[in-house]
Amino acid sequence: MKQRLFTPGPTPVPEETLLELAKPVFYHRSPEFKQILSEVVADLQYVYCTRNPVVPLTCSGTGGMEAALTCTVPTGGKVICLISGRWGERWRNICKAFGFNCISVEVPYGQAVAPAQLAEALKQHPDAVAVCATLCETATGVGNDIAGFGKLVASTPALLIVDAISGLGAMECRCDDWQVDICVSGSQKALMMPPGLAFVSVSDKAAKVMAANPAKVFYLDLKKALAKLKESDTPWTPANTLIRAMRQSLKILRAEGIETIWARHARMAEAARAGMQALGLELFAERPAAGLTVAHVPAGLDASTLLKKLEKQYGLKLAGGQDTLKGKIIRLSHMGHVDQFDVLAALAGLELVLLEMGHPVEPGAAVAAAQRVFAQAVAPVPVASA
Ligand SMILES: *Cc1c(COP(=O)(O)O)cnc(C)c1O
């Protein structure tokens, strides 16, 4: 059976990139690797919409989040965490682990943090060293207003640190225009790579804060990594095989063009929402992100049976909810190496399984609703008269 991966990380990887991973291992202190690393950094800057250096780290996304905080915040330092789900909670958990003073600004699952809430928090806590936000809250499918946060944080001494791990490469994220100081991403979401790498951009403002901060870090020391990056080098043995493969995925991203990529994801998200609504499923996110679509599981249906049937009978691997959302939602990821026909396939499978489980569904309803969205992007070709 053909397997299709619709989990919000890991995501499908293009064949050209998989082939790079099959090549022989090579030495990393070499002109060849320096060349690869410099290309990767330049293409990451393109994807990040930034002139700031982007540091590759050998770890998953969370390692990048930990590096961002530990390198900039002193022991006991105050951090405002904007929390709209499990990934926002991860910022708070990192603060706890390192003894930072976390000020939580929370909204119920399914909602986005309003910039006005941040404005209020900044007024109450002018001594905050950092503000941590999440571009795409992968647990709920919500997209947060990073541009709105950036306007507020830029005029304060605080740094804006953004977890864009599942958002970058799927939805608009303009690091420089939006005044993001540190932007963290990971390889296995919209960047079309297997897990194993994190990427961290560092603004001048953030670099100055780091230079003055006696950080208690060793392996994830961004200061050290930035110094080495100036010579296209890394402090430790990098996952050079992954970085070489990353060059290929970035070439594919660059060839499509970042704004085209954002538009493709926005269209797939709109189609997925239309399809799910046509099946009578209630959407979960008030301010939906572009990389995944999250819906409530209809009352009376068992979410794990639904997901198991999709996988076992049709090879469609979607994700359920995590923690308190387990059994309550399904999550359809359409980020990265995914196209409109993958979205139609997922919706078609969902129709069949819902029918089988006794949920009233008109066969083809979801597919038709999604296809109507895709049809809007088709410009009719004028027929030449004879
Ligand atoms: C996947 C994800 C992470 C980090 O996950 P890792 O398992 O450490 O790569 C962090 N934040 C968001 C929003 C994510 O989607």
# chains A, B, ... in the order shown; residues from 1 in each chain; ligands from 1
$ residues_near_ligand --ligand "ligand 1" --cutoff "9 Å" --atoms "only C-alpha atoms and all ligand atoms" --output "VMD selection string"
chain A and resid 8 to 10 59 to 65 86 to 88 90 134 to 139 163 to 167 184 to 189 195 to 198
$ residues_around --residues "Leu310 (chain A)" --least-positions-apart "5" --cutoff "8 Å" --atoms "only C-alpha atoms" --output "number ranges by chain"
A: 315-318, 349-350, 353
$ write_last_selection --atoms "all heavy atoms" --output "PDB file, in the first residue's frame"
ATOM      1  N   GLY A 315      -3.251   3.768   4.325  1.00  0.00           N
ATOM      2  CA  GLY A 315      -1.869   4.254   4.337  1.00  0.00           C
ATOM      3  C   GLY A 315      -1.755   5.749   4.602  1.00  0.00           C
ATOM      4  O   GLY A 315      -0.755   6.368   4.270  1.00  0.00           O
ATOM      5  N   LEU A 316      -2.809   6.331   5.198  1.00  0.00           N
ATOM      6  CA  LEU A 316      -2.809   7.779   5.468  1.00  0.00           C
ATOM      7  C   LEU A 316      -2.478   7.998   6.949  1.00  0.00           C
ATOM      8  O   LEU A 316      -3.275   7.673   7.827  1.00  0.00           O
ATOM      9  CB  LEU A 316      -4.181   8.382   5.152  1.00  0.00           C
ATOM     10  CG  LEU A 316      -4.710   8.145   3.727  1.00  0.00           C
ATOM     11  CD1 LEU A 316      -6.186   8.507   3.625  1.00  0.00           C
ATOM     12  CD2 LEU A 316      -3.893   8.951   2.725  1.00  0.00           C
ATOM     13  N   LYS A 317      -1.299   8.540   7.213  1.00  0.00           N
ATOM     14  CA  LYS A 317      -0.859   8.710   8.599  1.00  0.00           C
ATOM     15  C   LYS A 317      -1.086  10.154   9.042  1.00  0.00           C
ATOM     16  O   LYS A 317      -0.304  11.053   8.724  1.00  0.00           O
ATOM     17  CB  LYS A 317       0.627   8.328   8.725  1.00  0.00           C
ATOM     18  CG  LYS A 317       1.206   8.470  10.111  1.00  0.00           C
ATOM     19  CD  LYS A 317       0.672   7.446  11.076  1.00  0.00           C
ATOM     20  CE  LYS A 317       1.255   7.614  12.474  1.00  0.00           C
ATOM     21  NZ  LYS A 317       0.467   6.884  13.483  1.00  0.00           N
ATOM     22  N   LEU A 318      -2.191  10.379   9.761  1.00  0.00           N
ATOM     23  CA  LEU A 318      -2.475  11.693  10.345  1.00  0.00           C
ATOM     24  C   LEU A 318      -2.101  11.639  11.824  1.00  0.00           C
ATOM     25  O   LEU A 318      -1.754  10.574  12.348  1.00  0.00           O
ATOM     26  CB  LEU A 318      -3.964  12.039  10.189  1.00  0.00           C
ATOM     27  CG  LEU A 318      -4.408  12.623   8.849  1.00  0.00           C
ATOM     28  CD1 LEU A 318      -4.387  11.559   7.754  1.00  0.00           C
ATOM     29  CD2 LEU A 318      -5.806  13.229   8.927  1.00  0.00           C
ATOM     30  N   GLY A 349      -9.800   9.864   1.963  1.00  0.00           N
ATOM     31  CA  GLY A 349      -9.694   8.782   2.942  1.00  0.00           C
ATOM     32  C   GLY A 349     -10.547   9.058   4.161  1.00  0.00           C
ATOM     33  O   GLY A 349     -11.221   8.171   4.699  1.00  0.00           O
ATOM     34  N   LEU A 350     -10.533  10.305   4.594  1.00  0.00           N
ATOM     35  CA  LEU A 350     -11.330  10.705   5.754  1.00  0.00           C
ATOM     36  C   LEU A 350     -12.821  10.475   5.495  1.00  0.00           C
ATOM     37  O   LEU A 350     -13.552   9.965   6.352  1.00  0.00           O
ATOM     38  CB  LEU A 350     -11.046  12.186   6.034  1.00  0.00           C
ATOM     39  CG  LEU A 350     -11.346  12.753   7.412  1.00  0.00           C
ATOM     40  CD1 LEU A 350     -10.693  11.927   8.514  1.00  0.00           C
ATOM     41  CD2 LEU A 350     -10.857  14.209   7.494  1.00  0.00           C
ATOM     42  N   VAL A 353     -13.514   6.656   5.778  1.00  0.00           N
ATOM     43  CA  VAL A 353     -13.467   6.130   7.147  1.00  0.00           C
ATOM     44  C   VAL A 353     -14.649   6.653   7.962  1.00  0.00           C
ATOM     45  O   VAL A 353     -15.267   5.912   8.737  1.00  0.00           O
ATOM     46  CB  VAL A 353     -12.117   6.461   7.807  1.00  0.00           C
ATOM     47  CG1 VAL A 353     -12.150   6.120   9.287  1.00  0.00           C
ATOM     48  CG2 VAL A 353     -10.991   5.680   7.127  1.00  0.00           C
TER      49      VAL A 353
END
$ closest_residue --among "A:Ile94, A:Leu352, A:Ile329, A:Ala239" --to "Tyr314 (chain A)" --atoms "only C-alpha atoms"
A:Leu352
$ select_by_dssp --residues "region 46-236 of chain A" --states "strand (DSSP E)" --output "PyMOL selection string"
chain A and resi 54-57+78-83+101-106+130-134+136-137+142-143+159-163+182-186+198-202
$ atom_distance --atom1 "CA of Met335 (chain A)" --atom2 "CA of Val25 (chain A)"
28.9 Å
$ closest_residue --among "A:Gln45, A:Thr140, A:Gln340, A:Thr50" --to "Leu283 (chain A)" --atoms "only C-alpha atoms"
A:Thr140
$ atom_distance --atom1 "CA of Met276 (chain A)" --atom2 "CA of Glu351 (chain A)"
9.2 Å
$ residues_around --residues "region 142-153 of chain A" --least-positions-apart "4" --cutoff "6 Å" --atoms "only C-alpha atoms" --output "PyMOL selection string"
chain A and resi 112+115+135-137+178-179+285+287-289
$ write_last_selection --atoms "N, CA, C and O atoms" --output "short mmCIF file (atom, residue, chain, number, x, y, z; two decimals), in the first residue's frame"
data_model
loop_
_atom_site.label_atom_id
_atom_site.label_comp_id
_atom_site.auth_asym_id
_atom_site.auth_seq_id
_atom_site.Cartn_x
_atom_site.Cartn_y
_atom_site.Cartn_z
N ALA A 112 -5.33 32.35 19.63
CA ALA A 112 -4.01 32.95 19.47
C ALA A 112 -3.82 34.00 20.55
O ALA A 112 -4.78 34.56 21.06
N PRO A 115 -1.76 40.62 20.45
CA PRO A 115 -0.68 41.57 20.74
C PRO A 115 -1.00 42.47 21.94
O PRO A 115 -0.09 42.84 22.70
N LEU A 135 5.27 30.78 16.32
CA LEU A 135 4.64 31.16 15.05
C LEU A 135 3.45 30.25 14.76
O LEU A 135 2.33 30.71 14.64
N CYS A 136 3.70 28.96 14.64
CA CYS A 136 2.63 28.00 14.42
C CYS A 136 2.55 27.08 15.63
O CYS A 136 3.50 26.36 15.91
N GLU A 137 1.46 27.17 16.36
CA GLU A 137 1.26 26.29 17.53
C GLU A 137 0.76 24.94 17.00
O GLU A 137 -0.43 24.76 16.75
N TRP A 178 9.80 41.89 10.58
CA TRP A 178 8.99 41.72 11.79
C TRP A 178 9.83 41.90 13.07
O TRP A 178 9.32 41.74 14.16
N GLN A 179 11.11 42.19 12.91
CA GLN A 179 12.01 42.48 14.04
C GLN A 179 12.10 41.32 15.04
O GLN A 179 12.02 41.51 16.25
N ALA A 285 -8.88 25.67 15.33
CA ALA A 285 -8.09 26.91 15.49
C ALA A 285 -8.89 28.14 15.08
O ALA A 285 -9.45 28.20 14.00
N ARG A 287 -7.48 31.14 14.72
CA ARG A 287 -6.62 31.88 13.78
C ARG A 287 -5.70 30.83 13.16
O ARG A 287 -4.59 30.60 13.66
N PRO A 288 -6.18 30.14 12.11
CA PRO A 288 -5.47 28.95 11.65
C PRO A 288 -4.11 29.23 11.01
O PRO A 288 -3.93 30.22 10.31
N ALA A 289 -3.17 28.35 11.29
CA ALA A 289 -1.86 28.38 10.65
C ALA A 289 -1.98 27.75 9.26
O ALA A 289 -3.00 27.14 8.93
#
$ closest_residue --among "A:Lys96, A:Arg273, A:Lys308, A:His265" --to "Thr70 (chain A)" --atoms "only C-alpha atoms"
A:Lys96
$ decode --residues "region 158-179 of chain A" --atoms "N, CA and C atoms" --output "mmCIF file, in the first residue's frame"
data_model
loop_
_atom_site.group_PDB
_atom_site.id
_atom_site.type_symbol
_atom_site.label_atom_id
_atom_site.label_comp_id
_atom_site.auth_asym_id
_atom_site.auth_seq_id
_atom_site.Cartn_x
_atom_site.Cartn_y
_atom_site.Cartn_z
ATOM 1 N N ALA A 158 13.983 44.149 25.559
ATOM 2 C CA ALA A 158 13.795 42.694 25.487
ATOM 3 C C ALA A 158 14.042 42.161 24.077
ATOM 4 N N LEU A 159 14.363 40.880 24.016
ATOM 5 C CA LEU A 159 14.546 40.200 22.727
ATOM 6 C C LEU A 159 13.272 39.454 22.378
ATOM 7 N N LEU A 160 12.914 39.455 21.086
ATOM 8 C CA LEU A 160 11.789 38.622 20.636
ATOM 9 C C LEU A 160 12.351 37.302 20.115
ATOM 10 N N ILE A 161 12.016 36.233 20.817
ATOM 11 C CA ILE A 161 12.508 34.893 20.455
ATOM 12 C C ILE A 161 11.321 34.081 19.957
ATOM 13 N N VAL A 162 11.415 33.582 18.723
ATOM 14 C CA VAL A 162 10.257 32.920 18.111
ATOM 15 C C VAL A 162 10.555 31.457 17.791
ATOM 16 N N ASP A 163 9.664 30.603 18.253
ATOM 17 C CA ASP A 163 9.671 29.205 17.838
ATOM 18 C C ASP A 163 8.895 29.144 16.517
ATOM 19 N N ALA A 164 9.658 29.055 15.422
ATOM 20 C CA ALA A 164 9.036 28.943 14.091
ATOM 21 C C ALA A 164 9.271 27.545 13.550
ATOM 22 N N ILE A 165 9.407 26.592 14.457
ATOM 23 C CA ILE A 165 9.851 25.246 14.070
ATOM 24 C C ILE A 165 8.912 24.625 13.035
ATOM 25 N N SER A 166 7.603 24.757 13.238
ATOM 26 C CA SER A 166 6.696 24.167 12.241
ATOM 27 C C SER A 166 6.102 25.223 11.306
ATOM 28 N N GLY A 167 6.449 26.476 11.499
ATOM 29 C CA GLY A 167 5.866 27.535 10.669
ATOM 30 C C GLY A 167 6.776 27.961 9.537
ATOM 31 N N LEU A 168 8.085 27.989 9.822
ATOM 32 C CA LEU A 168 9.027 28.504 8.839
ATOM 33 C C LEU A 168 9.055 27.620 7.591
ATOM 34 N N GLY A 169 8.858 28.239 6.447
ATOM 35 C CA GLY A 169 8.813 27.478 5.198
ATOM 36 C C GLY A 169 7.398 27.045 4.848
ATOM 37 N N ALA A 170 6.431 27.367 5.706
ATOM 38 C CA ALA A 170 5.034 27.041 5.401
ATOM 39 C C ALA A 170 4.195 28.309 5.372
ATOM 40 N N MET A 171 4.459 29.214 6.303
ATOM 41 C CA MET A 171 3.663 30.441 6.342
ATOM 42 C C MET A 171 4.581 31.651 6.440
ATOM 43 N N GLU A 172 4.020 32.787 6.091
ATOM 44 C CA GLU A 172 4.806 34.009 6.063
ATOM 45 C C GLU A 172 5.570 34.189 7.371
ATOM 46 N N CYS A 173 6.858 34.436 7.247
ATOM 47 C CA CYS A 173 7.694 34.699 8.416
ATOM 48 C C CYS A 173 8.841 35.568 7.929
ATOM 49 N N ARG A 174 8.738 36.876 8.182
ATOM 50 C CA ARG A 174 9.736 37.835 7.702
ATOM 51 C C ARG A 174 10.528 38.312 8.895
ATOM 52 N N CYS A 175 11.610 37.592 9.175
ATOM 53 C CA CYS A 175 12.343 37.848 10.425
ATOM 54 C C CYS A 175 12.813 39.294 10.565
ATOM 55 N N ASP A 176 13.387 39.864 9.505
ATOM 56 C CA ASP A 176 13.908 41.225 9.634
ATOM 57 C C ASP A 176 12.785 42.254 9.672
ATOM 58 N N ASP A 177 11.833 42.154 8.742
ATOM 59 C CA ASP A 177 10.724 43.123 8.720
ATOM 60 C C ASP A 177 9.922 43.063 10.017
ATOM 61 N N TRP A 178 9.797 41.894 10.577
ATOM 62 C CA TRP A 178 8.993 41.723 11.791
ATOM 63 C C TRP A 178 9.827 41.902 13.069
ATOM 64 N N GLN A 179 11.108 42.187 12.914
ATOM 65 C CA GLN A 179 12.007 42.476 14.040
ATOM 66 C C GLN A 179 12.100 41.316 15.040
#
